[in-house]
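The structure under discussion appears below in the form of structure tokens.
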Amino acid sequence: MISTFQRPVWLGYSQTGGATNLRMDELGGRLLLLGSRANEAAALLGFASHEAGFKPLILDMDGYLSSHVSGYFTPFRLADLLYDLYRIDERGPRAHGELISSAYTAALDLTFEEEAILDAAMQQLASQDTMASPPVVYDALSGVEGFRGFYVDKLKGRIGTLKYLDAADSATLAQVCAPPGGAIVDLSGSGMPRAAELGAALFIAKLVSAFRATPPDARPSFLLVNGVHRVFRALPKSLHGNRLLTAMLESPLTSVFESDQGQSLSPLVVDACPTRILSADAWNQIEREKRRWGYGAQGVPSRGDRPLPPVPPAVLPNSFVLQHGFYGSSQPFVARPFEARASQRNVEADDVPVQSSGGEPPAVEIEADPALTKRVLQEVKAYESPSMPSLVSYLSAEFPKDAVQKAIDGLEKGGFVKLSPKEQKSGRTMLTLALTQKGSDLLGRLA
């Protein structure tokens with residue numbers, strides 16, 4: 001008999017001294033962490049779920065979680081994944097194309113009409129291409145018919161703000177979901193807040209699109225997104241249909257939303273999560289609103305036959321409240337302590353070369369097969385600005401595809417080749433590879 005028992009996640013201590021646990025199978029697929037200390041609760045939940053044997057997948061919008069718990073998970077950066085996030089899923093290109101359109105809409109706060117223009121462009125790309133990067137989308141908008149030129153030009157200007165967002169073919173969504181202990185993706189390293197928001201939205205779109213087709217053992221236990229108010233915002237008026245949020249809630253993927261800015265979070269997210277972990281300030285605000293609207297200015301029932309509600313539990317400033325939608329209960333607790341641990345990748349600055357005693361940067365070790373490295377450098381040099389997909393496809397006849405992709409990524413990170421946008425004869429812009437002087441020197445040594 002196969003056991004379905006899941007170990008509870010230990011969050012802290014209740015007021016009576018017992019343990020406060022959270023059963024992940026009782027969440028109904030949704031959990032909200034809200035309040036000024038919500039990031040602390042998210043870090044605790046990530047550590048405790050890893051300790052309990054779960055495989056969380058964490059999207060870190062602001063770098064806080066990476067600095068506290070990335071040492072417990074396999075770390076990734078936005079630049080590692082962006083190229084794969086742009087790639088339209090071949091198993092369901094049209095459905096994934098619509099979700100990508102909704103991801104751009106959520107990240108850029110587009111209107112209904114702008115979302116419709118994007119939908120039309122995405123359907124064209126889904127039928128003839130496999131990429132939906134900002135430069136490709138920008139060019140595809142020129143072929144959209146049936147919309148006024150003013151709105152198309154306005155949308156192209158919005159998309160154009162992201163045209164030069166770098167992307168290297170380094171890791172795939174499947175590789176992020178593969179580590180048995182879970183993974184964390186730091187989206188804050190680009191230095192562009194809008195890039196982090198677009199990266200999170202595209203990641204959600206791809207994960208939701210591919211989730212049902214992913215084998216159960218390759219799926220994450222749950223997805224945790226901190227700073228979720230930056231993706232699902234409380235807008236002054238309804239600008240678009242929130243199709244990305246709807247698809248996320250309809251998916252069998254368990255979702256954990258975190259926000260320390262409740263006033264900026266869409267009320268749709270709050271209403272969709274009956275189970276919540278609230279910091280003391282969020283709990284007290286909710287209780288004040290209940291008393292204000294339920295009992296008037298005097299704080300007493302307006303009708304004599306209405307029974308008095310139970311006295312809410314006292315919540316200290318350093319406490320949290322587990323508001324359990326499954327049981328309809330509220331339980332204050334004090335968070336348990338744990339050791340913060342950042343991965344070595346987050347401790348050291350990846351983009352700043354470490355100088356040796358002689359003032360020269362240390363040599364970069366190439367892990368790929370020297371024969372494969374040589375072939376990659378030869379092909380980049382022989383052909384004028386080849387694209388990465390074309391080079392991978394060409395060399396896959398001689399070497400394993402994954403090995404080719406890894407070799408190109410290693411050369412790009414080591415500064416032997418560089419990715420740069422180049423306008424093609426068709427008028428479209430693509431990322432192409434070019435050999436650097438460092439790469440020419442390496443090719444000379446390998447020859």
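In the structure tokens, chains take the letters A, B, ... in the order shown, each chain's residues start at 1, and ligands count up from 1 in the order shown.
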
Mind checking DSSP for range 149-190 of chain A and telling me the strand (DSSP E) residues as a PDB file with N, CA and C atoms, in the first residue's frame?
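Result file is selection21.pdb:
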```pdb
ATOM      1  N   ALA A 183      14.735  24.255  -5.070  1.00  0.00           N
ATOM      2  CA  ALA A 183      15.570  25.254  -5.738  1.00  0.00           C
ATOM      3  C   ALA A 183      15.057  26.648  -5.418  1.00  0.00           C
ATOM      4  N   ILE A 184      15.955  27.631  -5.537  1.00  0.00           N
ATOM      5  CA  ILE A 184      15.599  29.035  -5.340  1.00  0.00           C
ATOM      6  C   ILE A 184      16.163  29.834  -6.501  1.00  0.00           C
ATOM      7  N   VAL A 185      15.348  30.725  -7.057  1.00  0.00           N
ATOM      8  CA  VAL A 185      15.738  31.547  -8.199  1.00  0.00           C
ATOM      9  C   VAL A 185      15.787  33.002  -7.738  1.00  0.00           C
ATOM     10  N   ASP A 186      16.973  33.583  -7.764  1.00  0.00           N
ATOM     11  CA  ASP A 186      17.150  34.985  -7.380  1.00  0.00           C
ATOM     12  C   ASP A 186      16.870  35.863  -8.598  1.00  0.00           C
TER      13      ASP A 186
END
```

- Query: For Leu108 in chain A, which residue out of A:Lys438, A:His240, A:His50, A:Arg87 is the nearest one, using only C-alpha atoms?
  - Reply: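 Closest to Leu108 in chain A, using only C-alpha atoms: A:His240.
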
- Note on the structure: One residue among A:Ala280, A:Val376, A:Leu85, A:Gly191 is nearest to Lys406 in chain A when using only C-alpha atoms, and that residue is A:Val376

- Taking only C-alpha atoms into account, which of A:Gly29, A:Pro332, A:Pro179, A:Gly325 comes nearest Thr74 in chain A? A:Pro179

- Message: So that I can see what lies close to Val321 in chain A, please list as a list in words the residues with an atom at most 7 Å from it, counting only C-alpha atoms and leaving out residues fewer than 5 positions away in the same chain.
- Response: Ile277, Leu278, Ser279, Ser330, Gln331, Pro332 and Phe333 of chain A

- Can you tell me, as a list of chain:residue names, what residues are no more than 8 Å from Asp281 in chain A when counting only C-alpha atoms, ignoring any on the same chain fewer than 6 positions away? A:Gly35, A:Ser36, A:Pro317

Can I get the selection written as a CSV table (one decimal), in the first residue's frame, with C-alpha atoms?
```
chain,number,residue,atom,x,y,z
A,35,GLY,CA,2.3,41.7,6.8
A,36,SER,CA,5.4,43.7,7.5
A,317,PRO,CA,4.3,42.4,18.0
```

- How many Å lie between CA of Arg194 in chain A and CA of Leu45 in chain A, rounded to one decimal?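 Separation of CA of Arg194 in chain A and CA of Leu45 in chain A: 26.2 Å.
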
- Polymer residues at most 12 Å from Leu322 in chain A, only C-alpha atoms, same-chain spacing of 4 or more positions, as number ranges by chain: A: 11-14, 20-23, 27, 31-34, 41, 274-280, 282-283, 313, 315, 326-335

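Here CA of Leu244 in chain A is placed at a distance of 16.3 Å from CA of Gly227 in chain A.
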
- Message: Env of range 210-216 of chain A: 8 Å cut, atoms = only C-alpha atoms, seq-sep filter 5 positions within chain, self excluded. Answer as a PyMOL selection string.
- Response: chain A and resi 89+251-253

- Using CA of Phe73 in chain A and CA of Pro8 in chain A as the two end points, give the distance in Å to one decimal.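 Computing it gives 19.4 Å between the two atoms.
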
- Item | Members of range 33-94 of chain A assigned alpha helix (DSSP H) by DSSP, as a ChimeraX atom specification | /A:38-51,64-69,78-86,93-94

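Among the candidates A:Val137, A:Met61, A:Ile117, A:Ile159, the residue lying nearest to Val231 in chain A is A:Met61 (atoms considered: only C-alpha atoms).
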
- Task: Excluding Asp369 in chain A and any residue of its chain fewer than 2 positions from it, enumerate the residues within 12 Å of it, using only C-alpha atoms, and give them as a list in words.
- Result: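 Returned residues: Glu365, Ile366, Glu367, Ala371, Leu372, Thr373, Lys374, Arg375, Val376, Phe399, Pro400, Ala403, Val404, Lys406, Ala407, Ile408, Gly410, Leu411 and Leu446 of chain A.
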
- Which of A:Asp25, A:Asp139, A:Asp441, A:Glu51 sits closest to Gly181 in chain A [using only C-alpha atoms]: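 Between A:Asp25, A:Asp139, A:Asp441, A:Glu51, the residue approaching Gly181 in chain A most closely is A:Glu51.
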